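Printed here is query.tsv (TSV, C-alpha atoms and all ligand atoms):
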chain	number	residue	atom	x	y	z
A	1303	MET	CA	116.51	-81.16	15.12
A	1304	ALA	CA	120.03	-81.06	13.72
A	1305	THR	CA	122.89	-83.32	14.72
A	1306	ILE	CA	125.66	-81.34	16.44
A	1307	LEU	CA	129.14	-82.05	15.17
A	1308	ARG	CA	132.33	-81.35	17.05
A	1309	THR	CA	135.65	-80.70	15.34
A	1310	GLY	CA	137.61	-83.85	14.61
A	1311	GLU	CA	134.64	-86.16	14.97
A	1312	ALA	CA	133.44	-88.44	12.25
A	1313	THR	CA	130.46	-86.99	10.43
A	1314	PRO	CA	127.25	-88.83	11.31
A	1315	VAL	CA	125.28	-86.12	9.58
A	1316	LEU	CA	121.55	-86.64	9.85
A	1317	ASN	CA	120.22	-83.31	8.76
A	1318	GLY	CA	123.14	-81.21	7.68
A	1319	ILE	CA	126.36	-80.91	5.79
A	1320	ALA	CA	129.78	-80.93	7.42
A	1321	ASP	CA	132.17	-78.37	5.96
A	1322	GLY	CA	135.40	-78.38	7.95
A	1323	ASP	CA	134.55	-76.87	11.33
A	1324	LYS	CA	131.28	-75.52	10.04
A	1325	TYR	CA	127.93	-77.19	9.99
A	1326	HIS	CA	125.15	-76.23	7.62
A	1327	VAL	CA	121.62	-77.22	8.42
A	1328	ARG	CA	119.75	-78.64	5.46
A	1329	GLU	CA	116.58	-76.70	4.81
A	1330	GLN	CA	114.44	-79.78	4.83
A	1331	PRO	CA	112.58	-81.67	7.53
A	1332	LEU	CA	114.41	-84.53	9.20
A	1333	GLY	CA	113.15	-87.77	7.71
A	1334	SER	CA	112.53	-86.34	4.25
A	1335	LYS	CA	112.69	-89.09	1.70
A	1336	LYS	CA	115.69	-89.20	-0.58
A	1337	HIS	CA	115.59	-90.73	-4.03
A	1338	VAL	CA	118.12	-93.54	-4.28
A	1339	ARG	CA	119.48	-95.57	-7.14
A	1340	ILE	CA	120.11	-99.22	-6.42
A	1341	VAL	CA	122.04	-101.62	-8.62
A	1342	GLY	CA	121.93	-105.36	-8.14
A	1343	ILE	CA	124.40	-107.87	-9.54
A	1344	GLY	CA	122.87	-111.18	-10.57
A	1345	ALA	CA	119.35	-112.39	-11.28
A	1346	GLY	CA	119.45	-115.74	-9.56
A	1347	ALA	CA	117.15	-116.54	-6.65
A	1348	SER	CA	118.82	-113.82	-4.55
A	1349	GLY	CA	118.38	-111.15	-7.21
A	1350	LEU	CA	114.71	-111.99	-7.73
A	1351	ASN	CA	114.04	-112.00	-4.02
A	1352	MET	CA	115.75	-108.64	-3.74
A	1353	ILE	CA	113.53	-107.11	-6.41
A	1354	ARG	CA	110.48	-108.19	-4.46
A	1355	THR	CA	111.91	-106.95	-1.15
A	1356	LEU	CA	112.68	-103.53	-2.58
A	1357	ARG	CA	109.23	-103.24	-4.07
A	1358	LEU	CA	107.64	-104.09	-0.75
A	1359	ASN	CA	109.72	-101.72	1.32
A	1360	LEU	CA	110.87	-98.76	-0.76
A	1361	THR	CA	109.02	-96.05	-2.59
A	1362	ASP	CA	111.34	-93.42	-4.01
A	1363	TYR	CA	113.99	-95.39	-5.87
A	1364	ASP	CA	115.12	-96.61	-9.23
A	1365	PHE	CA	116.68	-99.94	-9.69
A	1366	VAL	CA	118.40	-102.22	-12.17
A	1367	VAL	CA	119.82	-105.72	-11.91
A	1368	TYR	CA	122.66	-106.58	-14.25
A	1369	GLU	CA	122.80	-110.26	-15.18
A	1370	LYS	CA	125.60	-111.61	-17.35
A	1371	ASN	CA	123.65	-114.67	-18.52
A	1372	ALA	CA	121.04	-114.71	-21.27
A	1373	ASP	CA	118.27	-115.43	-18.78
A	1374	VAL	CA	117.49	-115.35	-15.08
A	1375	GLY	CA	117.90	-118.32	-12.73
A	1376	GLY	CA	121.60	-118.17	-11.86
A	1377	THR	CA	122.70	-121.58	-10.60
A	1378	TRP	CA	119.69	-123.20	-12.21
A	1379	PHE	CA	120.28	-121.56	-15.57
A	1380	GLU	CA	123.93	-122.60	-15.62
A	1381	ASN	CA	123.77	-126.13	-14.23
A	1382	ARG	CA	121.83	-128.64	-16.31
A	1383	TYR	CA	124.08	-131.68	-16.19
A	1384	PRO	CA	122.40	-135.10	-15.92
A	1385	GLY	CA	121.04	-135.69	-12.44
A	1386	CYS	CA	121.49	-132.06	-11.38
A	1387	ARG	CA	118.94	-131.25	-8.71
A	1388	CYS	CA	118.57	-129.53	-5.36
A	1389	ASP	CA	119.69	-131.37	-2.24
A	1390	VAL	CA	117.16	-129.69	0.04
A	1391	PRO	CA	113.54	-130.84	-0.34
A	1392	SER	CA	111.77	-128.72	-2.94
A	1393	HIS	CA	109.01	-127.61	-0.61
A	1394	SER	CA	111.76	-125.93	1.43
A	1395	TYR	CA	113.82	-124.84	-1.56
A	1396	GLN	CA	111.40	-122.25	-2.91
A	1397	PHE	CA	110.34	-118.71	-2.09
A	1398	SER	CA	108.09	-118.71	0.97
A	1399	TRP	CA	106.06	-116.04	-0.81
A	1400	ARG	CA	105.66	-118.15	-3.92
A	1401	PRO	CA	104.94	-121.79	-2.93
A	1402	ARG	CA	104.70	-124.33	-5.74
A	1403	PRO	CA	102.73	-127.45	-4.79
A	1404	GLU	CA	103.37	-129.18	-8.14
A	1405	TRP	CA	107.05	-130.11	-7.75
A	1406	THR	CA	107.50	-133.41	-9.59
A	1407	ASN	CA	110.12	-134.73	-7.21
A	1408	PHE	CA	111.06	-134.42	-3.55
A	1409	PHE	CA	114.42	-133.10	-4.85
A	1410	SER	CA	113.45	-131.40	-8.07
A	1411	PRO	CA	115.66	-131.38	-11.17
A	1412	ALA	CA	117.59	-128.28	-12.19
A	1413	ARG	CA	115.47	-127.57	-15.26
A	1414	GLU	CA	112.31	-127.47	-13.16
A	1415	ILE	CA	113.84	-125.12	-10.61
A	1416	GLY	CA	115.09	-122.90	-13.43
A	1417	GLU	CA	111.61	-122.81	-14.95
A	1418	TYR	CA	110.11	-122.00	-11.56
A	1419	LEU	CA	112.42	-118.97	-11.21
A	1420	CYS	CA	111.60	-117.80	-14.76
A	1421	THR	CA	107.89	-118.14	-14.06
A	1422	VAL	CA	108.17	-116.15	-10.84
A	1423	CYS	CA	110.13	-113.48	-12.69
A	1424	ASP	CA	107.53	-113.26	-15.47
A	1425	GLU	CA	104.43	-113.41	-13.32
A	1426	GLU	CA	105.76	-110.86	-10.85
A	1427	GLY	CA	106.63	-108.53	-13.76
A	1428	MET	CA	110.31	-108.36	-12.82
A	1429	ARG	CA	111.84	-108.49	-16.29
A	1430	ASP	CA	111.74	-104.73	-16.76
A	1431	SER	CA	114.18	-104.36	-13.86
A	1432	ILE	CA	116.70	-106.87	-15.23
A	1433	LYS	CA	119.28	-106.33	-17.94
A	1434	THR	CA	120.47	-109.74	-19.12
A	1435	ARG	CA	123.75	-110.20	-21.02
A	1436	HIS	CA	125.28	-107.37	-18.97
A	1437	ARG	CA	128.29	-108.06	-16.79
A	1438	VAL	CA	129.42	-105.75	-14.00
A	1439	THR	CA	133.16	-105.60	-14.57
A	1440	SER	CA	134.14	-103.29	-11.72
A	1441	ALA	CA	132.65	-101.56	-8.70
A	1442	THR	CA	134.49	-98.89	-6.75
A	1443	TRP	CA	133.21	-96.88	-3.81
A	1444	ASP	CA	133.56	-93.12	-4.37
A	1445	ASP	CA	133.76	-91.80	-0.83
A	1446	GLU	CA	133.47	-88.16	-1.77
A	1447	ALA	CA	130.33	-88.56	-3.86
A	1448	GLY	CA	128.92	-91.32	-1.64
A	1449	LEU	CA	128.31	-93.48	-4.68
A	1450	TRP	CA	129.32	-96.82	-6.15
A	1451	ARG	CA	131.03	-96.25	-9.49
A	1452	LEU	CA	130.39	-99.19	-11.76
A	1453	LYS	CA	131.60	-100.37	-15.11
A	1454	VAL	CA	129.22	-102.59	-16.99
A	1455	GLN	CA	129.76	-104.47	-20.22
A	1456	ASN	CA	126.98	-105.21	-22.66
A	1457	LEU	CA	127.92	-108.73	-23.69
A	1458	GLU	CA	125.99	-108.52	-26.93
A	1459	THR	CA	127.67	-105.41	-28.31
A	1460	GLY	CA	130.89	-105.47	-26.28
A	1461	GLU	CA	130.24	-101.85	-25.30
A	1462	GLU	CA	131.34	-100.86	-21.80
A	1463	PHE	CA	129.56	-98.06	-20.00
A	1464	ALA	CA	129.57	-96.41	-16.59
A	1465	ASP	CA	126.79	-96.50	-14.03
A	1466	SER	CA	126.54	-95.42	-10.43
A	1467	ALA	CA	124.44	-96.32	-7.43
A	1468	ASN	CA	123.78	-95.24	-3.88
A	1469	PHE	CA	123.48	-98.90	-2.96
A	1470	LEU	CA	125.04	-101.93	-4.61
A	1471	VAL	CA	123.50	-105.30	-3.79
A	1472	ASP	CA	125.67	-108.28	-4.59
A	1473	GLY	CA	123.61	-111.28	-5.66
A	1474	SER	CA	126.39	-112.70	-7.81
A	1475	GLY	CA	126.44	-116.07	-6.08
A	1476	ILE	CA	129.02	-116.46	-3.35
A	1477	LEU	CA	129.54	-120.21	-3.82
A	1478	LYS	CA	129.97	-120.19	-7.58
A	1479	SER	CA	133.70	-120.45	-8.04
A	1480	VAL	CA	134.98	-123.98	-8.33
A	1481	SER	CA	137.79	-124.49	-5.84
A	1482	LEU	CA	139.63	-127.77	-5.72
A	1483	SER	CA	142.63	-126.34	-3.90
A	1484	LEU	CA	141.83	-128.30	-0.73
A	1485	VAL	CA	141.67	-131.60	-2.59
A	1486	PRO	CA	145.22	-132.96	-2.91
A	1487	GLY	CA	146.13	-133.65	-6.54
A	1488	ALA	CA	142.86	-132.29	-7.93
A	1489	GLN	CA	143.06	-129.83	-10.80
A	1490	CYS	CA	140.31	-127.86	-12.48
A	1491	GLN	CA	141.54	-128.95	-15.92
A	1492	GLN	CA	140.42	-132.48	-15.10
A	1493	MET	CA	136.79	-131.39	-14.98
A	1494	THR	CA	134.65	-131.95	-18.04
A	1495	GLU	CA	131.97	-129.48	-18.98
A	1496	ILE	CA	128.70	-131.21	-19.86
B	1501	LIG	C1	123.76	-128.57	-8.24
B	1501	LIG	C2	123.43	-127.57	-7.17
B	1501	LIG	C3	122.52	-127.89	-6.18
B	1501	LIG	C4	122.21	-126.97	-5.18
B	1501	LIG	N1	121.28	-127.31	-4.26
B	1501	LIG	C5	120.98	-126.45	-3.29
B	1501	LIG	C6	120.00	-126.78	-2.30
B	1501	LIG	O1	119.40	-127.85	-2.33
B	1501	LIG	N2	119.76	-125.90	-1.33
B	1501	LIG	C7	120.41	-124.70	-1.27
B	1501	LIG	O2	120.16	-123.92	-0.37
B	1501	LIG	N3	121.32	-124.34	-2.20
B	1501	LIG	C8	121.61	-125.19	-3.21
B	1501	LIG	N4	122.54	-124.83	-4.13
B	1501	LIG	C9	123.22	-123.53	-4.03
B	1501	LIG	C10	122.58	-122.51	-4.94
B	1501	LIG	O3	123.60	-121.93	-5.69
B	1501	LIG	C11	121.82	-121.49	-4.10
B	1501	LIG	O4	120.80	-122.14	-3.40
B	1501	LIG	C12	121.14	-120.38	-4.90
B	1501	LIG	O5	120.62	-120.84	-6.11
B	1501	LIG	C13	122.10	-119.26	-5.12
B	1501	LIG	O6	121.36	-118.22	-5.69
B	1501	LIG	P1	122.02	-116.80	-5.88
B	1501	LIG	O7	121.02	-115.97	-6.61
B	1501	LIG	O8	122.54	-116.29	-4.60
B	1501	LIG	O9	123.31	-117.07	-6.79
B	1501	LIG	P2	123.38	-117.68	-8.24
B	1501	LIG	O10	122.27	-118.62	-8.51
B	1501	LIG	O11	124.78	-118.19	-8.38
B	1501	LIG	O12	123.16	-116.42	-9.19
B	1501	LIG	C14	124.14	-115.45	-9.32
B	1501	LIG	C15	123.89	-114.71	-10.62
B	1501	LIG	O13	124.79	-113.61	-10.68
B	1501	LIG	C16	125.25	-113.49	-12.01
B	1501	LIG	N5	126.53	-112.78	-11.98
B	1501	LIG	C17	127.66	-113.15	-11.32
B	1501	LIG	N6	128.62	-112.23	-11.48
B	1501	LIG	C18	128.08	-111.26	-12.26
B	1501	LIG	C19	128.58	-110.03	-12.78
B	1501	LIG	N7	129.83	-109.63	-12.52
B	1501	LIG	N8	127.76	-109.27	-13.54
B	1501	LIG	C20	126.50	-109.66	-13.80
B	1501	LIG	N9	125.97	-110.82	-13.34
B	1501	LIG	C21	126.75	-111.60	-12.58
B	1501	LIG	C22	125.38	-114.93	-12.49
B	1501	LIG	O14	125.35	-115.01	-13.92
B	1501	LIG	C23	124.16	-115.58	-11.85
B	1501	LIG	O15	123.04	-115.55	-12.70
B	1501	LIG	C24	122.87	-125.71	-5.15
B	1501	LIG	C25	123.81	-125.40	-6.14
B	1501	LIG	C26	124.08	-126.30	-7.14
B	1501	LIG	C27	125.09	-125.93	-8.21

Please go through the file and, once you have read it, give me the structure as structure tokens.
Ligand SMILES: Cc1cc2nc3c(=O)[nH]c(=O)nc-3n(C[C@H](O)[C@H](O)[C@H](O)COP(=O)(O)OP(=O)(O)OC[C@H]3O[C@@H](n4cnc5c(N)ncnc54)[C@H](O)[C@@H]3O)c2cc1C
Amino acid sequence: MATILRTGEATPVLNGIADGDKYHVREQPLGSKKHVRIVGIGAGASGLNMIRTLRLNLTDYDFVVYEKNADVGGTWFENRYPGCRCDVPSHSYQFSWRPRPEWTNFFSPAREIGEYLCTVCDEEGMRDSIKTRHRVTSATWDDEAGLWRLKVQNLETGEEFADSANFLVDGSGILKSVSLSLVPGAQCQQMTEI
């Protein structure tokens, strides 16, 4: 059954193509599967969980995660300063689908959490879906084509190339940027990188 469109309405087209006042029925059954390309940004815990979720729920798709770092892990790849650890008990701070009974501490150190994420990535065979040392430098929605237009930089060669996706999943870490603007007198320059 085709969706009926009226002139001037938005185009919630389920099984057809809007062309001005005309409506063309697609010659395919409603509910036919459509191949989609999905791009993820970031291979931290969110990116890894997304790979698993897609595998469990989708069939006709291709997928890549761009990760600017040299390895997966996100927060736990980047933060290794002395005493760095999670502040939620480790038995809660892990994938429910991948419990690890061997945590060495109630609040495990960063290195151990990073290793856990790498192990999950390896043992679940996720590496093929992840391009490390690749930074997404821009993402623009192309309304006409119904696609995300991306620019990606290979950080090893410096080469920038274009990619596109039906769906863009942002796992770039929403709490990453250091912001001291609410702390009177605090300046980022005062921080020391360890
Ligand atoms: C010291 C510390 C302790 C913490 N403890 C806890 C805790 O106990 N409990 C808790 O819930 N949370 C904790 N957090 C928060 C932690 O960041 C999140 O729990 C979680 O790790 C975030 O995972 P993520 O994958 O969403 O983001 P991230 O781990 O930040 O990963 C984002 C990834 O995206 C990549 N990326 C970003 N931009 C681009 C781009 N343009 N192109 C390509 N790649 C890109 C980054 O390189 C990174 O690998 C802690 C954070 C820190 C720093």

Inset, instruction - Counting only C-alpha atoms and all ligand atoms, name the residues that have an atom within 6 Å of an atom of ligand LIG 1501 (chain B); the answer should be given as a list in words. - result: Ile1343, Gly1344, Ala1345, Gly1346, Ala1347, Ser1348, Gly1349, Tyr1368, Glu1369, Lys1370, Asn1371, Gly1375, Gly1376, Thr1377, Cys1386, Arg1387, Cys1388, Asp1389, Val1390, His1436, Arg1437, Val1438, Thr1439, Gly1473, Ser1474, Gly1475 and Lys1478 of chain A

Inset, instruction - Could you please determine the separation between atom CA of Trp1378 of chain A and atom CA of Leu1419 of chain A in Å, to one decimal place? - result: 8.5 Å

With 8 Å added on each side, what axis-aligned box encloses every listed atom of segment 1473-1476 of chain A? Give the centre and edge lengths in Å to one decimal, as JSON.
{"center_x": 126.3, "center_y": -113.9, "center_z": -5.6, "size_x": 21.4, "size_y": 21.2, "size_z": 20.5}

Legend entry - Nearest candidate to Pro1384 of chain A (options A:Val1471, A:Ala1412, A:Ile1476, A:Ile1432; using all atoms listed in the file):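 Result for the nearest residue to Pro1384 of chain A: A:Ala1412.
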
Inset, instruction - Would you mind reading off the distance between atom CA of Tyr1395 of chain A and atom CA of Thr1355 of chain A, one decimal, in Å? - result: 18.0 Å

Output segment 1466-1479 of chain A with N, CA and C atoms present, as a PDB file, in the coordinates of the input.
ATOM      1  N   SER A1466     126.240 -95.711 -11.825  1.00  0.00           N
ATOM      2  CA  SER A1466     126.540 -95.420 -10.430  1.00  0.00           C
ATOM      3  C   SER A1466     125.320 -95.760  -9.587  1.00  0.00           C
ATOM      4  N   ALA A1467     125.547 -95.927  -8.300  1.00  0.00           N
ATOM      5  CA  ALA A1467     124.440 -96.320  -7.430  1.00  0.00           C
ATOM      6  C   ALA A1467     124.712 -95.860  -6.003  1.00  0.00           C
ATOM      7  N   ASN A1468     123.652 -95.514  -5.314  1.00  0.00           N
ATOM      8  CA  ASN A1468     123.780 -95.240  -3.880  1.00  0.00           C
ATOM      9  C   ASN A1468     124.013 -96.558  -3.129  1.00  0.00           C
ATOM     10  N   PHE A1469     123.339 -97.589  -3.601  1.00  0.00           N
ATOM     11  CA  PHE A1469     123.480 -98.900  -2.960  1.00  0.00           C
ATOM     12  C   PHE A1469     123.758 -99.961  -4.028  1.00  0.00           C
ATOM     13  N   LEU A1470     124.701-100.829  -3.711  1.00  0.00           N
ATOM     14  CA  LEU A1470     125.040-101.930  -4.610  1.00  0.00           C
ATOM     15  C   LEU A1470     124.717-103.227  -3.871  1.00  0.00           C
ATOM     16  N   VAL A1471     123.885-104.060  -4.473  1.00  0.00           N
ATOM     17  CA  VAL A1471     123.500-105.300  -3.790  1.00  0.00           C
ATOM     18  C   VAL A1471     124.081-106.473  -4.580  1.00  0.00           C
ATOM     19  N   ASP A1472     124.952-107.209  -3.917  1.00  0.00           N
ATOM     20  CA  ASP A1472     125.670-108.280  -4.590  1.00  0.00           C
ATOM     21  C   ASP A1472     124.903-109.594  -4.493  1.00  0.00           C
ATOM     22  N   GLY A1473     124.290-109.978  -5.601  1.00  0.00           N
ATOM     23  CA  GLY A1473     123.610-111.280  -5.660  1.00  0.00           C
ATOM     24  C   GLY A1473     124.303-112.156  -6.681  1.00  0.00           C
ATOM     25  N   SER A1474     125.644-112.031  -6.735  1.00  0.00           N
ATOM     26  CA  SER A1474     126.390-112.700  -7.810  1.00  0.00           C
ATOM     27  C   SER A1474     126.694-114.155  -7.510  1.00  0.00           C
ATOM     28  N   GLY A1475     126.260-114.649  -6.373  1.00  0.00           N
ATOM     29  CA  GLY A1475     126.440-116.070  -6.080  1.00  0.00           C
ATOM     30  C   GLY A1475     127.774-116.326  -5.407  1.00  0.00           C
ATOM     31  N   ILE A1476     127.742-116.395  -4.086  1.00  0.00           N
ATOM     32  CA  ILE A1476     129.020-116.460  -3.350  1.00  0.00           C
ATOM     33  C   ILE A1476     129.688-117.829  -3.454  1.00  0.00           C
ATOM     34  N   LEU A1477     128.941-118.864  -3.822  1.00  0.00           N
ATOM     35  CA  LEU A1477     129.540-120.210  -3.820  1.00  0.00           C
ATOM     36  C   LEU A1477     129.801-120.712  -5.237  1.00  0.00           C
ATOM     37  N   LYS A1478     129.903-119.780  -6.185  1.00  0.00           N
ATOM     38  CA  LYS A1478     129.970-120.190  -7.580  1.00  0.00           C
ATOM     39  C   LYS A1478     131.325-120.743  -8.024  1.00  0.00           C
ATOM     40  N   SER A1479     132.396-120.117  -7.487  1.00  0.00           N
ATOM     41  CA  SER A1479     133.700-120.450  -8.040  1.00  0.00           C
ATOM     42  C   SER A1479     134.120-121.851  -7.629  1.00  0.00           C
TER      43      SER A1479
END
